[in-house]
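**Q** The structure's right below; bear with me while I get my questions together.
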Amino acid sequence: MPTINRNYFRVNDFHAVYSEAMTTEHQFAHANGIRICYESLGAEQSPAILLIMGLGMQLVAWPDEFCQALLDQGFRVIRFDKRDVGHSSKIHWSQKANLPLAMLGTLFGIRAKAPYLLDDMANDAIGLLDYLQIPQAHIVGVSMGGMIAQTVAAHYPQRVLSLTSIMSSSGNRKVSRGKLSVLGKLIKRPPKENDLEAQIKHLMHLFGVIGSPGFATDQASLRQHLELGLRRSSYSLGMAHQLLAILASGDRRRQLAKITAPTLVIHGEADPLVPVAAGRDTAQHIKGAQLHVIPGMGHDLPPGVQALLLPLISEFCRAHGGTMTSASGESQAATQNAVQSST
């Protein structure tokens, strides 16, 4: 296996290494009734890794350096904007999102109302794979993205080579609730979307609260990355809708019990937003799941955490690699059969 170039993860060099593949322009798929903005990086015949980012986060939240490292490991990397964020379709809902009331209701077992569920977002992910004619993929999700990845694996076992769930949960509210002070900052109304500087400060403060105490984060690089995302797209209502989707989807432990894909669960021991107990609970309810707890890791992806995640993910995916795809012959037939069986 090729060695990992640690220059990808230098704390003071946000734009450390690039290749021509990373300059690929965003493309759009029409799937599951919406438009999905995506990037497909690397050779089409390489094993595919579908990356699903967390709550309110765009595809650019997956660091270019991390994606490049996966490309160098021989994978095809696909990252995309979930519905309601980035350049993907925005979902119109006749009701007003009331996050404090919805979160309070969950304490008393009242299911929140939402414009869509995690099931719908999982269907979006499969729709994107269908559009790209990818029969099977490794599914890697962070936080809310991990919940969506779990749902994909539960509903579409024939499409999943492996599942990696990072800093996520099963929806079991007894172990999934973070510190109240942190949750309050998460749902705090952000500044006006036309005030870029105020939004940057808001997110810098949030990441300072949920970040990894055991790993250095260069503040200038973080600011640059956040500004890049905000200039690309800013839509706070999408984040509210997505949080409602999590609350409305409720406890998914029975769903997790249906997962048959090889599963790796990774969680930070110092996560203040989704406690490490949630990671242990997730692994406990997926048969045969491997659990890897990282000391000092919070609810973010600083360079030092990326450097630890890369070998864990790449080696796990390589161990459950599946077959290559091609444009003709048996591989094409396998692609078509898998796509048809999921629809």
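How things are named: the first chain in the structure tokens is A, the next is B, and so on; residues count from 1 in each chain; ligands count from 1 in the order shown.
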Excluding Lys174 (chain A) and residues on its chain fewer than 4 positions from it, collect all residues at most 10 Å away from it, counting only C-alpha atoms, and give them as number ranges by chain.

**A** A: 107, 251, 277-278, 281

**Q** Convert the current residue selection to file output with N, CA and C atoms, as a PDB file, in the first residue's frame.

**A**
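Result written to out_13.pdb:
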```pdb
ATOM      1  N   LEU A 107     -37.516  15.653  24.076  1.00  0.00           N
ATOM      2  CA  LEU A 107     -37.260  15.255  25.464  1.00  0.00           C
ATOM      3  C   LEU A 107     -38.460  14.531  26.058  1.00  0.00           C
ATOM      4  N   ASP A 251     -35.254   7.481  16.782  1.00  0.00           N
ATOM      5  CA  ASP A 251     -34.356   6.379  17.155  1.00  0.00           C
ATOM      6  C   ASP A 251     -34.285   5.373  16.010  1.00  0.00           C
ATOM      7  N   ALA A 277     -20.259   8.102  23.788  1.00  0.00           N
ATOM      8  CA  ALA A 277     -21.225   7.032  24.094  1.00  0.00           C
ATOM      9  C   ALA A 277     -22.116   6.753  22.899  1.00  0.00           C
ATOM     10  N   ALA A 278     -22.385   7.768  22.086  1.00  0.00           N
ATOM     11  CA  ALA A 278     -23.210   7.583  20.895  1.00  0.00           C
ATOM     12  C   ALA A 278     -22.488   6.725  19.864  1.00  0.00           C
ATOM     13  N   ASP A 281     -22.641   3.184  21.133  1.00  0.00           N
ATOM     14  CA  ASP A 281     -24.002   2.685  20.947  1.00  0.00           C
ATOM     15  C   ASP A 281     -24.241   2.300  19.481  1.00  0.00           C
TER      16      ASP A 281
END
```

**Q** Just asking: which residues within region 133-313 of chain A are strand (DSSP E or B) according to DSSP, as a PyMOL selection string?

**A** chain A and resi 137-142+160-166+263-268+290-294

**Q** Write a file of the selected residues as a PDB file, in the first residue's frame, keeping C-alpha atoms.

**A**
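Printed below is result_19.pdb as written:
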```pdb
ATOM      1  CA  ALA A 137     -19.588   2.103  -3.263  1.00  0.00           C
ATOM      2  CA  HIS A 138     -17.909   2.577   0.072  1.00  0.00           C
ATOM      3  CA  ILE A 139     -20.121   4.987   2.048  1.00  0.00           C
ATOM      4  CA  VAL A 140     -18.348   7.349   4.446  1.00  0.00           C
ATOM      5  CA  GLY A 141     -20.330   9.838   6.512  1.00  0.00           C
ATOM      6  CA  VAL A 142     -19.527  12.414   9.168  1.00  0.00           C
ATOM      7  CA  VAL A 160     -22.787  -0.775  -0.080  1.00  0.00           C
ATOM      8  CA  LEU A 161     -19.284  -2.274  -0.097  1.00  0.00           C
ATOM      9  CA  SER A 162     -18.538  -0.883   3.347  1.00  0.00           C
ATOM     10  CA  LEU A 163     -19.867   1.685   5.801  1.00  0.00           C
ATOM     11  CA  THR A 164     -17.773   4.142   7.788  1.00  0.00           C
ATOM     12  CA  SER A 165     -19.723   6.165  10.362  1.00  0.00           C
ATOM     13  CA  ILE A 166     -17.751   9.018  11.948  1.00  0.00           C
ATOM     14  CA  THR A 263     -18.857  -1.330   9.249  1.00  0.00           C
ATOM     15  CA  LEU A 264     -16.250   0.901  10.842  1.00  0.00           C
ATOM     16  CA  VAL A 265     -17.383   3.322  13.551  1.00  0.00           C
ATOM     17  CA  ILE A 266     -14.995   6.151  14.440  1.00  0.00           C
ATOM     18  CA  HIS A 267     -15.631   8.611  17.248  1.00  0.00           C
ATOM     19  CA  GLY A 268     -13.769  11.255  19.186  1.00  0.00           C
ATOM     20  CA  GLN A 290     -15.475  -2.242  14.437  1.00  0.00           C
ATOM     21  CA  LEU A 291     -15.171   0.689  16.856  1.00  0.00           C
ATOM     22  CA  HIS A 292     -12.203   3.057  16.883  1.00  0.00           C
ATOM     23  CA  VAL A 293     -12.152   5.817  19.520  1.00  0.00           C
ATOM     24  CA  ILE A 294      -9.659   8.666  19.018  1.00  0.00           C
TER      25      ILE A 294
END
```

**Q** Return the single residue from A:Met204, A:Ile91, A:Val209, A:Ala29 that is closest to Ser221 (chain A), with distances computed using only C-alpha atoms.

**A**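 Looking only at the distances to Ser221 (chain A), the closest residue turns out to be A:Met204.
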
**Q** Find, counting only C-alpha atoms, the residue in A:Pro302, A:Pro135, A:Gly321, A:Gly145 that gets nearest to Ile210 (chain A).

**A**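 That would be A:Pro302, the residue with the smallest distance to Ile210 (chain A).
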
**Q** Can you tell me, as a PyMOL selection string, what residues are no more than 12 Å from region 196-200 of chain A when counting only C-alpha atoms, ignoring any on the same chain fewer than 3 positions away?

**A** chain A and resi 188-193+203-207+219-220+222-236

**Q** List the neighbours of Leu247 (chain A) out to 8 Å using only C-alpha atoms; skip same-chain residues closer than 2 positions along the sequence, and give me the result as a ChimeraX atom specification.

**A** /A:102-103,106,111-112,243-245,249-250

**Q** Output N, CA and C atoms for every residue in that selection, as a JSON list (two decimals), in the first residue's frame.

**A**
```json
[["chain", "number", "residue", "atom", "x", "y", "z"],
["A", 102, "ALA", "N", -38.87, 22.05, 18.75],
["A", 102, "ALA", "CA", -38.71, 20.68, 18.27],
["A", 102, "ALA", "C", -37.77, 19.88, 19.17],
["A", 103, "MET", "N", -36.68, 20.50, 19.60],
["A", 103, "MET", "CA", -35.74, 19.81, 20.48],
["A", 103, "MET", "C", -36.34, 19.56, 21.85],
["A", 106, "THR", "N", -38.65, 16.53, 21.73],
["A", 106, "THR", "CA", -38.01, 15.21, 21.72],
["A", 106, "THR", "C", -37.70, 14.72, 23.13],
["A", 111, "ARG", "N", -42.37, 13.40, 18.42],
["A", 111, "ARG", "CA", -41.63, 13.38, 17.16],
["A", 111, "ARG", "C", -41.78, 14.73, 16.45],
["A", 112, "ALA", "N", -40.67, 15.30, 16.06],
["A", 112, "ALA", "CA", -40.69, 16.60, 15.38],
["A", 112, "ALA", "C", -41.26, 16.47, 13.97],
["A", 243, "LEU", "N", -31.63, 19.68, 10.55],
["A", 243, "LEU", "CA", -31.71, 19.31, 11.97],
["A", 243, "LEU", "C", -33.08, 18.75, 12.30],
["A", 244, "LEU", "N", -34.12, 19.33, 11.72],
["A", 244, "LEU", "CA", -35.46, 18.79, 11.91],
["A", 244, "LEU", "C", -35.57, 17.37, 11.35],
["A", 245, "ALA", "N", -34.88, 17.12, 10.24],
["A", 245, "ALA", "CA", -34.89, 15.78, 9.66],
["A", 245, "ALA", "C", -34.29, 14.76, 10.62],
["A", 249, "SER", "N", -36.57, 11.82, 12.41],
["A", 249, "SER", "CA", -36.23, 10.43, 12.08],
["A", 249, "SER", "C", -36.12, 9.57, 13.33],
["A", 250, "GLY", "N", -35.91, 10.21, 14.46],
["A", 250, "GLY", "CA", -35.97, 9.51, 15.74],
["A", 250, "GLY", "C", -34.91, 8.44, 15.95]]
```

**Q** As an exercise, work out the distance from CA of Ala307 (chain A) to CA of Asp218 (chain A) in Å and give it to one decimal place.

**A** 15.1 Å

**Q** In region 52-228 of chain A, what's alpha helix (DSSP H) per DSSP? Answer as a PyMOL selection string?

**A** chain A and resi 64-72+99-107+118-131+144-155+173-176+180-187+196-210+219-228

**Q** Identify which of the residues A:Leu129, A:Met167, A:Ala261, A:Val182 lies closest to Ala289 (chain A), counting only C-alpha atoms when measuring atom-to-atom distances.

**A**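 Under the stated criterion, the closest residue is A:Ala261.
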
**Q** Between A:Thr217, A:Ser170, A:Ser94, A:Ser89, which residue has the minimum interatomic distance to Val305 (chain A), considering only C-alpha atoms?

**A**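 Once distances to Val305 (chain A) are computed over only C-alpha atoms, the minimum belongs to A:Thr217.
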
**Q** Taking only C-alpha atoms into account, which of A:Ala240, A:Ala270, A:Ile78, A:Ala153 comes nearest Gly211 (chain A)?

**A** A:Ala270

**Q** Closest to Val77 (chain A) among A:Leu118, A:Leu50, A:Leu309, A:Leu132, using only C-alpha atoms?

**A** A:Leu50

**Q** Could you list, as an NGL selection string, every residue within 6 Å of region 32-44 of chain A, counting only C-alpha atoms and ignoring same-chain residues fewer than 6 positions away?

**A** :A and (21 or 26 or 76-81 or 87-89 or 124 or 127)
